[in-house]
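Dumped target.cif below, it's mmCIF, C-alpha atoms:
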```
data_data
#
loop_
_atom_site.group_PDB
_atom_site.id
_atom_site.type_symbol
_atom_site.label_atom_id
_atom_site.label_comp_id
_atom_site.auth_asym_id
_atom_site.auth_seq_id
_atom_site.Cartn_x
_atom_site.Cartn_y
_atom_site.Cartn_z
ATOM 1 C CA MET G 147 8.409 -6.253 16.512
ATOM 2 C CA ASN G 148 11.615 -5.409 18.412
ATOM 3 C CA ILE G 149 13.278 -7.154 21.362
ATOM 4 C CA ARG G 150 11.673 -4.827 23.922
ATOM 5 C CA GLN G 151 8.216 -5.555 22.529
ATOM 6 C CA GLU G 152 8.921 -9.289 22.595
ATOM 7 C CA LYS G 153 9.836 -8.950 26.288
ATOM 8 C CA ILE G 154 6.572 -7.126 26.958
ATOM 9 C CA CYS G 155 4.693 -10.010 25.316
ATOM 10 C CA GLU G 156 6.510 -12.518 27.495
ATOM 11 C CA LEU G 157 5.744 -10.595 30.700
ATOM 12 C CA VAL G 158 2.071 -10.063 29.876
ATOM 13 C CA LYS G 159 1.708 -13.723 28.896
ATOM 14 C CA GLU G 160 3.318 -14.838 32.162
ATOM 15 C CA LYS G 161 1.124 -12.628 34.368
ATOM 16 C CA ASN G 162 -1.926 -12.580 32.049
ATOM 17 C CA PHE G 163 -2.251 -8.875 32.904
ATOM 18 C CA MET G 164 0.309 -6.158 33.636
ATOM 19 C CA SER G 165 -0.138 -2.471 34.203
ATOM 20 C CA ILE G 166 1.821 0.133 32.280
ATOM 21 C CA MET G 167 3.509 1.167 35.539
ATOM 22 C CA GLU G 168 4.633 -2.420 36.259
ATOM 23 C CA LEU G 169 6.005 -2.867 32.752
ATOM 24 C CA SER G 170 7.811 0.459 32.937
ATOM 25 C CA LYS G 171 9.508 -0.446 36.226
ATOM 26 C CA GLN G 172 10.444 -3.973 35.170
ATOM 27 C CA LEU G 173 11.824 -2.996 31.754
ATOM 28 C CA HIS G 174 13.367 0.325 32.865
ATOM 29 C CA TYR G 175 11.654 2.281 30.099
ATOM 30 C CA SER G 176 9.355 5.291 30.372
ATOM 31 C CA GLU G 177 5.610 4.777 30.548
ATOM 32 C CA SER G 178 5.200 6.667 27.260
ATOM 33 C CA THR G 179 7.548 4.197 25.550
ATOM 34 C CA VAL G 180 5.598 1.268 26.992
ATOM 35 C CA ARG G 181 2.317 2.796 25.774
ATOM 36 C CA ARG G 182 3.683 3.091 22.237
ATOM 37 C CA ASP G 183 4.863 -0.522 22.354
ATOM 38 C CA LEU G 184 1.467 -1.691 23.599
ATOM 39 C CA THR G 185 -0.186 0.060 20.666
ATOM 40 C CA VAL G 186 2.092 -1.797 18.255
ATOM 41 C CA LEU G 187 1.431 -5.118 19.974
ATOM 42 C CA GLU G 188 -2.313 -4.581 19.981
ATOM 43 C CA ASN G 189 -2.235 -3.886 16.239
ATOM 44 C CA LEU G 190 -0.403 -7.200 15.831
ATOM 45 C CA LYS G 191 -3.134 -8.822 17.962
ATOM 46 C CA MET G 192 -0.556 -10.059 20.460
ATOM 47 C CA ILE G 193 -2.148 -8.279 23.448
ATOM 48 C CA LYS G 194 -5.353 -6.439 24.285
ATOM 49 C CA ARG G 195 -5.175 -2.935 25.762
ATOM 50 C CA ILE G 196 -7.385 -2.340 28.762
ATOM 51 C CA SER G 197 -7.505 0.517 31.217
ATOM 52 C CA GLY G 198 -4.062 1.122 32.683
ATOM 53 C CA GLY G 199 -2.337 -1.863 31.091
ATOM 54 C CA ALA G 200 -2.625 -4.894 28.838
ATOM 55 C CA MET G 201 -3.805 -8.494 28.944
ATOM 56 C CA TYR G 202 -2.558 -11.512 27.022
ATOM 57 C CA VAL G 203 -4.456 -12.754 23.977
ATOM 58 C CA LYS G 204 -4.635 -16.543 24.135
ATOM 59 C CA GLU G 205 -2.910 -18.609 21.446
ATOM 60 C CA GLU G 206 -6.151 -19.888 19.927
ATOM 61 C CA HIS G 207 -7.233 -16.311 19.199
ATOM 62 C CA THR G 208 -4.090 -14.934 17.572
ATOM 63 C CA GLU G 209 -1.698 -15.535 14.698
ATOM 64 C CA ASP G 210 1.919 -14.686 15.540
ATOM 65 C CA PRO G 211 3.810 -12.447 13.093
ATOM 66 C CA THR G 212 6.090 -14.365 10.722
ATOM 67 C CA GLU G 213 9.315 -13.030 12.242
ATOM 68 C CA ILE G 214 8.229 -14.247 15.681
ATOM 69 C CA LYS G 215 7.212 -17.693 14.468
ATOM 70 C CA SER G 216 10.629 -18.224 12.909
ATOM 71 C CA ARG G 217 12.301 -17.830 16.332
ATOM 72 C CA ILE G 218 9.893 -19.998 18.330
ATOM 73 C CA ASN G 219 11.025 -23.611 18.919
ATOM 74 C CA SER G 220 13.971 -23.069 16.565
ATOM 75 C CA GLN G 221 15.825 -26.177 17.766
ATOM 76 C CA GLN G 222 12.812 -28.402 17.084
ATOM 77 C CA LYS G 223 12.336 -26.890 13.626
ATOM 78 C CA SER G 224 16.006 -27.461 12.802
ATOM 79 C CA ILE G 225 15.672 -31.132 13.763
ATOM 80 C CA ILE G 226 12.579 -31.512 11.589
ATOM 81 C CA ALA G 227 14.226 -29.768 8.632
ATOM 82 C CA ASP G 228 17.308 -32.000 8.884
ATOM 83 C CA LEU G 229 15.055 -35.057 8.677
ATOM 84 C CA ALA G 230 12.851 -33.673 5.905
ATOM 85 C CA ILE G 231 15.699 -32.835 3.564
ATOM 86 C CA ASP G 232 16.611 -36.508 3.137
ATOM 87 C CA PHE G 233 13.260 -37.192 1.463
ATOM 88 C CA ILE G 234 13.725 -34.584 -1.273
ATOM 89 C CA ALA G 235 15.216 -35.919 -4.502
ATOM 90 C CA ASP G 236 16.990 -33.821 -7.134
ATOM 91 C CA HIS G 237 14.828 -32.726 -10.114
ATOM 92 C CA SER G 238 11.554 -32.999 -8.145
ATOM 93 C CA THR G 239 8.712 -30.499 -7.745
ATOM 94 C CA ILE G 240 7.890 -29.598 -4.147
ATOM 95 C CA PHE G 241 5.583 -27.302 -2.213
ATOM 96 C CA LEU G 242 6.625 -25.488 0.971
ATOM 97 C CA ASP G 243 3.775 -23.915 2.920
ATOM 98 C CA SER G 244 3.695 -20.565 4.704
ATOM 99 C CA SER G 245 4.969 -21.966 8.019
ATOM 100 C CA SER G 246 8.248 -20.966 9.626
ATOM 101 C CA THR G 247 9.279 -24.645 9.525
ATOM 102 C CA SER G 248 9.327 -24.373 5.726
ATOM 103 C CA GLN G 249 11.911 -21.596 6.045
ATOM 104 C CA TYR G 250 14.189 -24.010 7.882
ATOM 105 C CA ILE G 251 13.715 -26.594 5.125
ATOM 106 C CA ALA G 252 14.395 -23.961 2.461
ATOM 107 C CA LYS G 253 17.769 -23.112 4.017
ATOM 108 C CA ARG G 254 18.854 -26.729 3.497
ATOM 109 C CA LEU G 255 17.941 -26.957 -0.195
ATOM 110 C CA LYS G 256 21.075 -25.247 -1.500
ATOM 111 C CA ASP G 257 22.846 -28.565 -2.094
ATOM 112 C CA LYS G 258 19.946 -30.105 -4.023
ATOM 113 C CA LYS G 259 19.888 -29.929 -7.815
ATOM 114 C CA ASN G 260 17.270 -28.633 -10.236
ATOM 115 C CA LEU G 261 14.290 -28.493 -7.904
ATOM 116 C CA THR G 262 11.070 -26.762 -8.832
ATOM 117 C CA ILE G 263 9.812 -25.140 -5.636
ATOM 118 C CA PHE G 264 6.459 -23.470 -4.990
ATOM 119 C CA THR G 265 5.781 -21.529 -1.789
ATOM 120 C CA THR G 266 3.203 -19.168 -0.322
ATOM 121 C CA ASN G 267 5.701 -17.622 2.128
ATOM 122 C CA LEU G 268 7.541 -14.461 1.107
ATOM 123 C CA SER G 269 10.443 -15.131 3.504
ATOM 124 C CA THR G 270 10.852 -18.687 2.196
ATOM 125 C CA ALA G 271 10.923 -17.425 -1.392
ATOM 126 C CA ASP G 272 13.546 -14.818 -0.426
ATOM 127 C CA ILE G 273 15.731 -17.454 1.275
ATOM 128 C CA LEU G 274 15.614 -19.619 -1.848
ATOM 129 C CA ASP G 275 16.260 -16.711 -4.204
ATOM 130 C CA LYS G 276 19.363 -15.610 -2.295
ATOM 131 C CA GLN G 277 20.920 -19.079 -2.540
ATOM 132 C CA GLN G 278 21.604 -18.434 -6.243
ATOM 133 C CA ASN G 279 21.370 -22.092 -7.196
ATOM 134 C CA ASN G 280 19.750 -23.795 -10.157
ATOM 135 C CA HIS G 281 16.270 -24.225 -8.662
ATOM 136 C CA ASN G 282 13.115 -22.907 -10.312
ATOM 137 C CA ILE G 283 11.358 -20.884 -7.607
ATOM 138 C CA TYR G 284 7.699 -19.891 -7.748
ATOM 139 C CA PHE G 285 6.156 -17.506 -5.233
ATOM 140 C CA VAL G 286 2.461 -18.244 -5.593
ATOM 141 C CA GLY G 287 0.330 -15.168 -6.158
ATOM 142 C CA GLY G 288 -2.642 -14.005 -4.108
ATOM 143 C CA LYS G 289 -3.596 -11.669 -1.297
ATOM 144 C CA LEU G 290 -0.482 -10.852 0.728
ATOM 145 C CA SER G 291 -0.816 -10.591 4.503
ATOM 146 C CA ASN G 292 1.885 -10.860 7.159
ATOM 147 C CA GLY G 293 4.433 -12.238 4.696
ATOM 148 C CA LYS G 294 2.244 -14.974 3.204
ATOM 149 C CA VAL G 295 -0.409 -15.246 0.514
ATOM 150 C CA GLY G 296 -3.847 -16.813 0.501
ATOM 151 C CA GLY G 297 -7.372 -16.420 -0.751
ATOM 152 C CA SER G 298 -9.229 -17.350 -3.922
ATOM 153 C CA CYS G 299 -6.469 -16.325 -6.363
ATOM 154 C CA THR G 300 -3.931 -18.484 -4.547
ATOM 155 C CA GLU G 301 -6.357 -21.401 -4.457
ATOM 156 C CA PHE G 302 -6.983 -21.127 -8.206
ATOM 157 C CA LEU G 303 -3.266 -21.168 -9.005
ATOM 158 C CA LEU G 304 -2.517 -24.132 -6.751
ATOM 159 C CA ARG G 305 -5.304 -26.208 -8.292
ATOM 160 C CA ASN G 306 -3.358 -26.044 -11.566
ATOM 161 C CA VAL G 307 -0.064 -27.434 -10.259
ATOM 162 C CA PHE G 308 0.838 -30.989 -9.240
ATOM 163 C CA PHE G 309 3.662 -31.668 -6.774
ATOM 164 C CA ASP G 310 5.873 -34.656 -6.145
ATOM 165 C CA GLN G 311 5.972 -33.721 -2.470
ATOM 166 C CA ALA G 312 4.326 -31.158 -0.229
ATOM 167 C CA PHE G 313 5.609 -30.158 3.207
ATOM 168 C CA LEU G 314 2.926 -28.713 5.467
ATOM 169 C CA SER G 315 2.932 -27.670 9.098
ATOM 170 C CA CYS G 316 -0.117 -26.784 11.223
ATOM 171 C CA ARG G 317 -1.366 -25.050 14.358
ATOM 172 C CA GLY G 318 -2.609 -28.187 16.091
ATOM 173 C CA ILE G 319 -3.174 -31.947 15.943
ATOM 174 C CA SER G 320 -6.175 -33.075 17.952
ATOM 175 C CA ASP G 321 -6.408 -36.193 20.100
ATOM 176 C CA GLU G 322 -8.811 -37.533 17.452
ATOM 177 C CA GLY G 323 -6.164 -37.190 14.735
ATOM 178 C CA TYR G 324 -7.366 -34.053 12.945
ATOM 179 C CA VAL G 325 -4.942 -31.375 11.732
ATOM 180 C CA SER G 326 -6.305 -27.861 12.211
ATOM 181 C CA GLU G 327 -5.637 -24.144 11.705
ATOM 182 C CA LEU G 328 -6.653 -20.873 13.306
ATOM 183 C CA LEU G 329 -7.300 -19.261 9.898
ATOM 184 C CA GLU G 330 -9.873 -20.574 7.419
ATOM 185 C CA GLU G 331 -7.798 -19.712 4.348
ATOM 186 C CA GLU G 332 -4.808 -21.642 5.726
ATOM 187 C CA ALA G 333 -6.953 -24.746 6.154
ATOM 188 C CA MET G 334 -8.473 -24.380 2.672
ATOM 189 C CA LEU G 335 -5.065 -24.119 0.999
ATOM 190 C CA LYS G 336 -3.940 -27.284 2.734
ATOM 191 C CA LYS G 337 -7.065 -29.134 1.604
ATOM 192 C CA ILE G 338 -6.149 -28.195 -1.972
ATOM 193 C CA ILE G 339 -2.498 -29.174 -1.582
ATOM 194 C CA ARG G 340 -3.546 -32.573 -0.224
ATOM 195 C CA GLN G 341 -5.313 -33.189 -3.545
ATOM 196 C CA GLN G 342 -2.454 -31.872 -5.671
ATOM 197 C CA THR G 343 0.515 -33.826 -4.332
ATOM 198 C CA ARG G 344 1.805 -37.345 -4.812
ATOM 199 C CA GLU G 345 3.320 -37.468 -1.316
ATOM 200 C CA LEU G 346 2.058 -35.437 1.657
ATOM 201 C CA PHE G 347 4.359 -34.656 4.607
ATOM 202 C CA LEU G 348 3.318 -33.112 7.901
ATOM 203 C CA VAL G 349 6.263 -31.339 9.565
ATOM 204 C CA ALA G 350 5.226 -30.460 13.112
ATOM 205 C CA ASP G 351 6.919 -30.553 16.501
ATOM 206 C CA GLU G 352 5.546 -32.590 19.397
ATOM 207 C CA LYS G 353 4.045 -29.509 21.069
ATOM 208 C CA LYS G 354 1.447 -29.292 18.281
ATOM 209 C CA PHE G 355 -0.184 -32.534 19.471
ATOM 210 C CA GLY G 356 -3.195 -32.364 21.756
ATOM 211 C CA LYS G 357 -4.291 -28.995 20.349
ATOM 212 C CA SER G 358 -7.361 -28.253 18.282
ATOM 213 C CA PHE G 359 -8.219 -25.073 16.370
ATOM 214 C CA THR G 360 -11.269 -23.856 14.495
ATOM 215 C CA PHE G 361 -10.670 -25.056 10.926
ATOM 216 C CA THR G 362 -9.747 -28.638 9.995
ATOM 217 C CA SER G 363 -7.452 -29.103 6.981
ATOM 218 C CA PHE G 364 -7.100 -32.907 6.890
ATOM 219 C CA SER G 365 -6.680 -35.942 9.127
ATOM 220 C CA LEU G 366 -3.564 -37.904 9.994
ATOM 221 C CA ARG G 367 -4.869 -40.725 7.797
ATOM 222 C CA ASP G 368 -4.454 -38.419 4.779
ATOM 223 C CA LEU G 369 -0.697 -38.220 5.380
ATOM 224 C CA ASP G 370 2.055 -40.214 3.771
ATOM 225 C CA ILE G 371 4.732 -39.266 6.310
ATOM 226 C CA LEU G 372 4.862 -37.410 9.636
ATOM 227 C CA ILE G 373 8.148 -35.736 10.596
ATOM 228 C CA THR G 374 8.480 -34.441 14.147
ATOM 229 C CA ASP G 375 11.245 -33.613 16.607
ATOM 230 C CA THR G 376 10.513 -36.244 19.249
ATOM 231 C CA VAL G 377 7.787 -38.624 20.382
ATOM 232 C CA SER G 378 8.017 -38.816 24.168
ATOM 233 C CA ASN G 379 4.335 -39.016 25.031
ATOM 234 C CA GLU G 380 2.637 -42.427 25.091
ATOM 235 C CA ALA G 381 -0.697 -40.933 24.009
ATOM 236 C CA ILE G 382 0.965 -39.486 20.920
ATOM 237 C CA LYS G 383 2.600 -42.824 20.116
ATOM 238 C CA GLN G 384 -0.797 -44.500 20.368
ATOM 239 C CA LEU G 385 -2.382 -41.855 18.135
ATOM 240 C CA ILE G 386 0.300 -42.457 15.500
ATOM 241 C CA THR G 387 -0.205 -46.224 15.729
ATOM 242 C CA ASN G 388 -3.988 -45.923 15.490
ATOM 243 C CA ASN G 389 -3.660 -43.884 12.291
ATOM 244 C CA ASN G 390 -1.141 -46.288 10.762
ATOM 245 C CA LEU G 391 1.370 -43.495 10.156
ATOM 246 C CA ASN G 392 4.863 -43.665 8.758
ATOM 247 C CA TYR G 393 6.754 -41.276 11.003
ATOM 248 C CA TYR G 394 10.285 -40.076 11.618
ATOM 249 C CA TYR G 395 11.767 -38.225 14.577
ATOM 250 C CA ASN G 396 15.047 -37.539 16.331
ATOM 251 C CA GLU G 397 15.773 -40.647 18.400
#
```

What would you get if you wrote out this structure as structure tokens?
Amino acid sequence: MNIRQEKICELVKEKNFMSIMELSKQLHYSESTVRRDLTVLENLKMIKRISGGAMYVKEEHTEDPTEIKSRINSQQKSIIADLAIDFIADHSTIFLDSSSTSQYIAKRLKDKKNLTIFTTNLSTADILDKQQNNHNIYFVGGKLSNGKVGGSCTEFLLRNVFFDQAFLSCRGISDEGYVSELLEEEAMLKKIIRQQTRELFLVADEKKFGKSFTFTSFSLRDLDILITDTVSNEAIKQLITNNNLNYYYNE
């Protein structure tokens, strides 16, 4: 998805609906160019084409492409990654999930020594591979979709590995303390990882709180440590207290 298409997404999201004519005038591109972009965006499930224009597909019904996720809330993800890296000891075995936050953590692993790293994210594996350090890097096999793997083959492989630490993000954290995903296979993988790790970390920015999606992966009580960017909301502080969580954030 290019910059022009990202701008179209922003405009349609802001207005909920925009006609092809309106988009053409606002972006200063021909209507034929806008139509082609809308076709691309509909294939990515970012918008829905309707007669004469496009409408926004709500967050709970769509999964953003990997390259878009990596640019959303980048400052918050950098803060979380800076905090997470201090928990990773040399010579340990860790799991990084398919989230864009894991890519930020991966970029900070170049100064660690002799890690064994498993990931289900193609971009994360590529970042680690290009560092040319002494880590053992495993890209877990399975059905590849949108830069990440999942499905029964991936689940089978992960059930045969044990991790010192696993770093997982999520789509939402409900007011009742449940961590959830839009996609069933994402939630299932995280259920398996919870069973296969000595220490479970949730790395999620504050905006994930108060949101609930279709498939539950685990509860906050299953966590060892929560790492977030900030905790400014009293309701979130109370939720953390109620679940007896060890948590770290940028003070």

Next on the checklist: Since I can't run it myself right now, could you work out what the PyMOL selection byres ((chain G and resi 370) around 8) selects here and report it as JSON, numbers by chain?
Outcome noted: {"G": [345, 346, 347, 368, 369, 371, 372, 391, 392]}

Output the selection as a CSV table (one decimal), keeping the file's coordinate frame - C-alpha atoms for each residue.
```csv
chain,number,residue,atom,x,y,z
G,345,GLU,CA,3.3,-37.5,-1.3
G,346,LEU,CA,2.1,-35.4,1.7
G,347,PHE,CA,4.4,-34.7,4.6
G,368,ASP,CA,-4.5,-38.4,4.8
G,369,LEU,CA,-0.7,-38.2,5.4
G,371,ILE,CA,4.7,-39.3,6.3
G,372,LEU,CA,4.9,-37.4,9.6
G,391,LEU,CA,1.4,-43.5,10.2
G,392,ASN,CA,4.9,-43.7,8.8
```

Find the nearest atom pair between each residue of stretch 293-335 of chain G and stretch 377-381 of chain G for residues within 12 Å, count only C-alpha atoms, give distances in Å to one decimal, sort rows by chain and ascending number, and present the table as a tab-separated table.
```
residue	atom	partner	partner_atom	distance
G:Ser320	CA	G:Ala381	CA	11.3
G:Asp321	CA	G:Ala381	CA	8.4
G:Glu322	CA	G:Ala381	CA	11.0
G:Gly323	CA	G:Ala381	CA	11.4
```

Per-residue nearest contacts of stretch 172-281 of chain G to stretch 290-298 of chain G (6 Å; only C-alpha atoms) as CSV:
```
residue,atom,partner,partner_atom,distance
G:Ser244,CA,G:Lys294,CA,6.0
G:Thr266,CA,G:Val295,CA,5.4
G:Asn267,CA,G:Lys294,CA,4.5
G:Leu268,CA,G:Gly293,CA,5.2
```

Kindly resolve the PyMOL selection byres ((chain G and resi 273-277) around 9) on the present coordinates and return the residues as a VMD selection string. chain G and resid 249 252 to 253 255 to 256 263 268 to 272 278 to 279 281 283

Go ahead and write the selection's residues with C-alpha atoms as a PDB file, in the coordinates of the input.
```pdb
ATOM      1  CA  GLN G 249      11.911 -21.596   6.045  1.00  0.00           C
ATOM      2  CA  ALA G 252      14.395 -23.961   2.461  1.00  0.00           C
ATOM      3  CA  LYS G 253      17.769 -23.112   4.017  1.00  0.00           C
ATOM      4  CA  LEU G 255      17.941 -26.957  -0.195  1.00  0.00           C
ATOM      5  CA  LYS G 256      21.075 -25.247  -1.500  1.00  0.00           C
ATOM      6  CA  ILE G 263       9.812 -25.140  -5.636  1.00  0.00           C
ATOM      7  CA  LEU G 268       7.541 -14.461   1.107  1.00  0.00           C
ATOM      8  CA  SER G 269      10.443 -15.131   3.504  1.00  0.00           C
ATOM      9  CA  THR G 270      10.852 -18.687   2.196  1.00  0.00           C
ATOM     10  CA  ALA G 271      10.923 -17.425  -1.392  1.00  0.00           C
ATOM     11  CA  ASP G 272      13.546 -14.818  -0.426  1.00  0.00           C
ATOM     12  CA  GLN G 278      21.604 -18.434  -6.243  1.00  0.00           C
ATOM     13  CA  ASN G 279      21.370 -22.092  -7.196  1.00  0.00           C
ATOM     14  CA  HIS G 281      16.270 -24.225  -8.662  1.00  0.00           C
ATOM     15  CA  ILE G 283      11.358 -20.884  -7.607  1.00  0.00           C
TER      16      ILE G 283
END
```

Please report the interatomic distance between atom CA of G:Glu352 and atom CA of G:Tyr202 in Å with one decimal.
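Between atom CA of G:Glu352 and atom CA of G:Tyr202 the gap works out to 23.8 Å.
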
Just to confirm, what's the straight-line distance from atom CA of G:Asp351 to atom CA of G:Val186 in Å (one decimal)?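 These two atoms are separated by 29.2 Å.
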
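Among the candidates G:Cys299, G:Ile251, G:Ile240, G:Ile196, the residue lying nearest to G:Asn282 is G:Ile240 (atoms considered: all atoms listed in the file).
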
- prompt: What would the list of residues within 10 Å of (4.3, -4.2, 32.5) (file frame) look like as a list in words, if all atoms listed in the file are what count?
  reply: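 The answer, in the requested form, is Lys153, Ile154, Cys155, Glu156, Leu157, Val158, Lys161, Phe163, Met164, Ser165, Ile166, Met167, Glu168, Leu169, Ser170, Lys171, Gln172, Leu173, Glu177, Val180, Arg181, Leu184, Gly198, Gly199, Ala200 and Met201 of chain G.
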
For this session: Report the distance between atom CA of G:Thr376 and atom CA of G:Glu397 in Å, rounded to one decimal place.
Result: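 Going from atom CA of G:Thr376 over to atom CA of G:Glu397, I get 6.9 Å.
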
* **Result set, the PyMOL selection byres ((chain G and resi 258) around 9) on current file, as a list in words** => Ile234, Ala235, Asp236, His237, Arg254, Leu255, Lys256, Asp257, Lys259, Asn260, Leu261, Asn279, Asn280 and His281 of chain G

Can you complete the atoms of stretch 360-381 of chain G to N, CA and C atoms and list them as a tab-separated table (two decimals), in the frame of the given file?
```
chain	number	residue	atom	x	y	z
G	360	THR	N	-9.93	-23.98	15.07
G	360	THR	CA	-11.27	-23.86	14.50
G	360	THR	C	-11.47	-24.61	13.18
G	361	PHE	N	-10.47	-24.56	12.29
G	361	PHE	CA	-10.67	-25.06	10.93
G	361	PHE	C	-9.80	-26.28	10.66
G	362	THR	N	-10.45	-27.39	10.28
G	362	THR	CA	-9.75	-28.64	9.99
G	362	THR	C	-9.26	-28.64	8.55
G	363	SER	N	-8.00	-29.04	8.34
G	363	SER	CA	-7.45	-29.10	6.98
G	363	SER	C	-7.43	-30.53	6.44
G	364	PHE	N	-7.08	-31.50	7.28
G	364	PHE	CA	-7.10	-32.91	6.89
G	364	PHE	C	-6.91	-33.75	8.14
G	365	SER	N	-6.91	-35.05	7.99
G	365	SER	CA	-6.68	-35.94	9.13
G	365	SER	C	-5.33	-36.62	8.98
G	366	LEU	N	-4.85	-37.21	10.05
G	366	LEU	CA	-3.56	-37.90	9.99
G	366	LEU	C	-3.59	-39.06	8.99
G	367	ARG	N	-4.76	-39.62	8.75
G	367	ARG	CA	-4.87	-40.72	7.80
G	367	ARG	C	-4.63	-40.27	6.36
G	368	ASP	N	-4.71	-38.95	6.11
G	368	ASP	CA	-4.45	-38.42	4.78
G	368	ASP	C	-2.96	-38.29	4.49
G	369	LEU	N	-2.14	-38.43	5.52
G	369	LEU	CA	-0.70	-38.22	5.38
G	369	LEU	C	0.00	-39.43	4.79
G	370	ASP	N	1.13	-39.15	4.14
G	370	ASP	CA	2.06	-40.21	3.77
G	370	ASP	C	3.14	-40.37	4.83
G	371	ILE	N	3.65	-39.22	5.33
G	371	ILE	CA	4.73	-39.27	6.31
G	371	ILE	C	4.59	-38.11	7.29
G	372	LEU	N	4.78	-38.41	8.57
G	372	LEU	CA	4.86	-37.41	9.64
G	372	LEU	C	6.32	-37.27	10.04
G	373	ILE	N	6.80	-36.02	10.10
G	373	ILE	CA	8.15	-35.74	10.60
G	373	ILE	C	8.02	-34.82	11.80
G	374	THR	N	8.56	-35.24	12.93
G	374	THR	CA	8.48	-34.44	14.15
G	374	THR	C	9.83	-34.47	14.86
G	375	ASP	N	9.95	-33.71	15.93
G	375	ASP	CA	11.24	-33.61	16.61
G	375	ASP	C	11.47	-34.76	17.58
G	376	THR	N	10.41	-35.16	18.28
G	376	THR	CA	10.51	-36.24	19.25
G	376	THR	C	9.12	-36.80	19.50
G	377	VAL	N	9.06	-38.03	19.98
G	377	VAL	CA	7.79	-38.62	20.38
G	377	VAL	C	7.99	-39.21	21.77
G	378	SER	N	7.76	-38.40	22.79
G	378	SER	CA	8.02	-38.82	24.17
G	378	SER	C	6.75	-39.17	24.93
G	379	ASN	N	5.61	-38.83	24.36
G	379	ASN	CA	4.34	-39.02	25.03
G	379	ASN	C	3.66	-40.29	24.54
G	380	GLU	N	3.25	-41.15	25.47
G	380	GLU	CA	2.64	-42.43	25.09
G	380	GLU	C	1.32	-42.23	24.34
G	381	ALA	N	0.57	-41.20	24.69
G	381	ALA	CA	-0.70	-40.93	24.01
G	381	ALA	C	-0.46	-40.58	22.55
```
